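*Asks:* Got a structure for you, questions after.
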Amino acid sequence: MSDGRLSRVCVVGGAGFIGSHFVARLLSDPATEQVTVYDNFSSGSDWHLAPVADDPRLRVVRADVGDLPDLVEACAGHDTMIHLASNPDIAAAVTNPAIDFDQGTRLTHHVAEAARLSQVGLVLYASGSGVYGDLGEIEAVEDHGPMIPTSTYGASKLAGEAILASYAAMFDFTVRAFRFGNVVGPRQTHGVGYDFVRRLLDDPSRLRILGDGQQSKSYIYVEDVIAAVLLAGTRATTPFDAFNVATGDYVTVTEIAELAMDVLGLPPGSTEFQYTGGDRGWKGDVPVVRINTDKIRSLGWSNQRTGPQALRDSMSSMADDYRAGLLTS
């Protein structure tokens, strides 16, 4: 961050799980001049920002990304936008297929327009590994093609990449898209680990597990994600580029359930695992995800936690938050 490129940052979705960690990380750097959180607080929370609430460099704008004039005004004078605003519940599209357009593709178009109109030089976009679709055991690399998403969430993320890439080429700003594995960590409000922790705290005798429990994916700690994004952002030179960000190891859903039991101090075998059956959790779910990370590692990045370590630390934090009443069932 020494080049000043990330000195004035607007974090779109900055009150959410990942966004609040970005805000804290940016404000930990004395070179950061201002961080603006732009969020409608539909899934974000005030308590996410509580550790930095008194920092005079923090400005919070409570508004919706769907309100383009408000977004343009909020981003004026910033050199960087970090775009994290999207539907946080991937499975919700099974019953509401429009959610990923309304809370994904449309909002990304507004971010692109705001960057153009506010003359923001750099946009860092939280995409996802869902853009690749169902490749089975094939390891996804950034230039894989064709990309055929199997969920509206993945389709929305891919459409967002295309929108931002075209704006970067046409209107002379820089975009970096990041295809994360499953991001976990403190203040998480969705995901398999979150679901398991709250269900086991409510009823430790049994646990409902979607699919057959053999779904196998990458889980990465939020601080490792932030380090990758900020590193690639400060080294951006071409108009558009994309990076996979993952740990390189994989954890099954059953293993996550066993980790959750261990975190909560439940004896092995004391909880009945009730599988719903099938090889995936819901229609559109990708049961096996393999992600190549050579590109981001070539910049000098490495993950500090393995997938199991990331899950254990995040579920321990979530259990504390749940018991404190900060998370609800």
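By order in the structure tokens, chains are A, B, ...; within a chain, residues start at 1; ligands start at 1, following the order shown.
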From stretch 148-293 of chain A, collect each residue whose DSSP state is strand (DSSP E) and return the set as a ChimeraX atom specification.
*Replies:* /A:174-180,182-184,206-209,216-217,219-221,240-245,251-252,272-275
*Asks:* Write to file, as a CSV table (one decimal), in the first residue's frame, the residues of the selection just made, with N, CA and C atoms.
*Replies:*
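The resulting out-v5.csv:
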chain,number,residue,atom,x,y,z
A,174,THR,N,-8.8,0.3,-13.8
A,174,THR,CA,-8.3,-1.1,-13.6
A,174,THR,C,-9.2,-1.9,-12.7
A,175,VAL,N,-9.3,-3.2,-13.1
A,175,VAL,CA,-10.2,-4.1,-12.3
A,175,VAL,C,-9.4,-5.4,-12.0
A,176,ARG,N,-9.5,-5.8,-10.8
A,176,ARG,CA,-9.0,-7.1,-10.4
A,176,ARG,C,-10.2,-7.9,-9.9
A,177,ALA,N,-10.4,-9.1,-10.4
A,177,ALA,CA,-11.5,-10.0,-10.0
A,177,ALA,C,-10.9,-11.2,-9.2
A,178,PHE,N,-11.5,-11.6,-8.1
A,178,PHE,CA,-10.9,-12.6,-7.3
A,178,PHE,C,-11.9,-13.8,-7.1
A,179,ARG,N,-11.5,-15.0,-7.6
A,179,ARG,CA,-12.4,-16.1,-7.5
A,179,ARG,C,-12.0,-16.9,-6.3
A,180,PHE,N,-12.7,-16.6,-5.2
A,180,PHE,CA,-12.4,-17.2,-3.9
A,180,PHE,C,-12.9,-18.7,-3.8
A,182,ASN,N,-14.4,-21.1,-0.6
A,182,ASN,CA,-15.4,-20.7,0.4
A,182,ASN,C,-14.7,-19.9,1.6
A,183,VAL,N,-15.1,-18.7,1.7
A,183,VAL,CA,-14.4,-17.8,2.7
A,183,VAL,C,-15.1,-18.0,4.1
A,184,VAL,N,-14.3,-18.2,5.1
A,184,VAL,CA,-14.8,-18.4,6.5
A,184,VAL,C,-14.0,-17.5,7.4
A,206,ARG,N,-28.6,-34.4,17.2
A,206,ARG,CA,-28.7,-34.8,15.7
A,206,ARG,C,-28.3,-33.6,14.9
A,207,LEU,N,-27.9,-33.8,13.7
A,207,LEU,CA,-27.5,-32.8,12.7
A,207,LEU,C,-27.9,-33.2,11.3
A,208,ARG,N,-28.7,-32.3,10.7
A,208,ARG,CA,-29.1,-32.5,9.3
A,208,ARG,C,-28.0,-32.1,8.4
A,209,ILE,N,-27.6,-32.9,7.5
A,209,ILE,CA,-26.5,-32.6,6.5
A,209,ILE,C,-27.1,-32.8,5.1
A,216,SER,N,-16.8,-32.0,-1.5
A,216,SER,CA,-15.4,-31.7,-1.1
A,216,SER,C,-15.0,-30.3,-1.8
A,217,LYS,N,-14.6,-29.4,-0.9
A,217,LYS,CA,-14.4,-28.0,-1.4
A,217,LYS,C,-13.2,-27.4,-0.6
A,219,TYR,N,-11.8,-24.3,1.7
A,219,TYR,CA,-12.2,-23.3,2.6
A,219,TYR,C,-11.0,-22.4,3.0
A,220,ILE,N,-11.2,-21.1,3.0
A,220,ILE,CA,-10.1,-20.2,3.2
A,220,ILE,C,-10.4,-19.1,4.2
A,221,TYR,N,-9.5,-18.8,5.0
A,221,TYR,CA,-9.7,-17.8,6.1
A,221,TYR,C,-9.8,-16.4,5.5
A,240,PHE,N,-7.6,-5.4,-16.9
A,240,PHE,CA,-8.4,-6.5,-16.2
A,240,PHE,C,-7.5,-7.7,-16.0
A,241,ASP,N,-7.7,-8.3,-14.8
A,241,ASP,CA,-7.1,-9.6,-14.6
A,241,ASP,C,-7.9,-10.3,-13.5
A,242,ALA,N,-7.8,-11.7,-13.5
A,242,ALA,CA,-8.6,-12.5,-12.5
A,242,ALA,C,-7.6,-13.4,-11.8
A,243,PHE,N,-7.9,-13.6,-10.5
A,243,PHE,CA,-7.0,-14.5,-9.7
A,243,PHE,C,-7.9,-15.5,-8.9
A,244,ASN,N,-7.5,-16.7,-8.9
A,244,ASN,CA,-8.1,-17.7,-7.9
A,244,ASN,C,-7.4,-17.5,-6.6
A,245,VAL,N,-8.2,-17.6,-5.5
A,245,VAL,CA,-7.6,-17.5,-4.2
A,245,VAL,C,-8.2,-18.6,-3.3
A,251,VAL,N,-11.9,-30.1,2.1
A,251,VAL,CA,-12.5,-30.7,3.2
A,251,VAL,C,-13.9,-31.1,2.8
A,252,THR,N,-14.3,-32.3,3.3
A,252,THR,CA,-15.7,-32.7,3.0
A,252,THR,C,-16.7,-32.2,4.0
A,272,GLU,N,-26.2,-37.7,16.0
A,272,GLU,CA,-26.6,-38.5,14.8
A,272,GLU,C,-26.6,-37.6,13.5
A,273,PHE,N,-25.8,-38.0,12.6
A,273,PHE,CA,-25.8,-37.3,11.3
A,273,PHE,C,-26.9,-37.8,10.4
A,274,GLN,N,-27.8,-36.9,10.0
A,274,GLN,CA,-28.9,-37.2,9.2
A,274,GLN,C,-28.7,-36.7,7.8
A,275,TYR,N,-28.3,-37.5,6.8
A,275,TYR,CA,-28.1,-37.0,5.5
A,275,TYR,C,-29.3,-37.0,4.7
*Asks:* Can you tell me, as a list in words, what residues are no more than 8 Å from A:Met318 when counting only C-alpha atoms, ignoring any on the same chain fewer than 3 positions away?
*Replies:*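 Near neighbours after the sequence-gap exclusion: Pro186, Arg187, Gln188, Tyr194, Val197, Ser314, Met315, Asp321, Tyr322 and Leu327 of chain A.
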*Asks:* Keeping only C-alpha atoms, write the selected residues as a PDB file, in the first residue's frame.
*Replies:*
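Writing done, so here's part-v4.pdb:
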ATOM      1  CA  PRO A 186     -15.244 -14.429  12.499  1.00  0.00           C
ATOM      2  CA  ARG A 187     -18.556 -12.615  11.960  1.00  0.00           C
ATOM      3  CA  GLN A 188     -19.633 -15.091   9.271  1.00  0.00           C
ATOM      4  CA  TYR A 194     -22.275 -21.438  10.475  1.00  0.00           C
ATOM      5  CA  VAL A 197     -22.579 -24.557  14.779  1.00  0.00           C
ATOM      6  CA  SER A 314     -14.096 -19.571  12.290  1.00  0.00           C
ATOM      7  CA  MET A 315     -16.513 -22.009  13.950  1.00  0.00           C
ATOM      8  CA  ASP A 321     -20.899 -14.934  18.893  1.00  0.00           C
ATOM      9  CA  TYR A 322     -23.960 -17.198  18.898  1.00  0.00           C
ATOM     10  CA  LEU A 327     -25.955 -14.377  15.714  1.00  0.00           C
TER      11      LEU A 327
END
*Asks:* If we count only C-alpha atoms and set the cut-off at 10 Å, which residues sit around stretch 256-261 of chain A, ignoring sequence neighbours fewer than 5 positions away in its own chain? Please answer as a ChimeraX atom specification.
*Replies:* /A:192-198,200-201,204,207-209,213,251,266-271,273,308-309,311-312,314-316,319
*Asks:* From the list A:Val37, A:Met170, A:Ala114, A:Val123, which residue is nearest A:Gly233 when using only C-alpha atoms?
*Replies:*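 Smallest separation from A:Gly233 among the options: A:Val123.
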*Asks:* With distances taken over only C-alpha atoms, which of A:Val94, A:Leu230, A:Ala155, A:Val131 is nearest to A:Leu299?
*Replies:*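 That would be A:Leu230, the residue with the smallest distance to A:Leu299.
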*Asks:* Which of these residues is nearest to A:Thr189, using only C-alpha atoms: A:Cys10, A:Ile99, A:Ala15, A:Leu164?
*Replies:*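 Checking each candidate against A:Thr189, we get A:Ala15 as the closest.
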*Asks:* Excluding A:Ser45 and its own-chain neighbours fewer than 6 positions away, which residues fall within 10 Å of it when counting only C-alpha atoms? Please give them as JSON, numbers by chain.
*Replies:* {"A": [14, 15, 16, 17, 20, 39, 187, 326]}
*Asks:* Just C-alpha atoms for this one: save the residues we selected as an mmCIF file, in the first residue's frame.
*Replies:*
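Produced file part16.cif, reproduced below:
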data_model
loop_
_atom_site.group_PDB
_atom_site.id
_atom_site.type_symbol
_atom_site.label_atom_id
_atom_site.label_comp_id
_atom_site.auth_asym_id
_atom_site.auth_seq_id
_atom_site.Cartn_x
_atom_site.Cartn_y
_atom_site.Cartn_z
ATOM 1 C CA GLY A 14 -18.339 -2.960 3.983
ATOM 2 C CA ALA A 15 -20.606 -3.797 6.950
ATOM 3 C CA GLY A 16 -20.847 -7.471 5.986
ATOM 4 C CA PHE A 17 -18.746 -10.433 7.036
ATOM 5 C CA SER A 20 -15.851 -5.503 7.819
ATOM 6 C CA ASP A 39 -23.920 -0.629 2.820
ATOM 7 C CA ARG A 187 -18.556 -12.615 11.960
ATOM 8 C CA LEU A 326 -24.876 -11.660 18.164
#
*Asks:* So, with only C-alpha atoms as the atoms that count, which of A:Arg8, A:His109, A:Arg116, A:Arg62 lies closest to A:His78?
*Replies:*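 Checking each candidate against A:His78, we get A:Arg8 as the closest.
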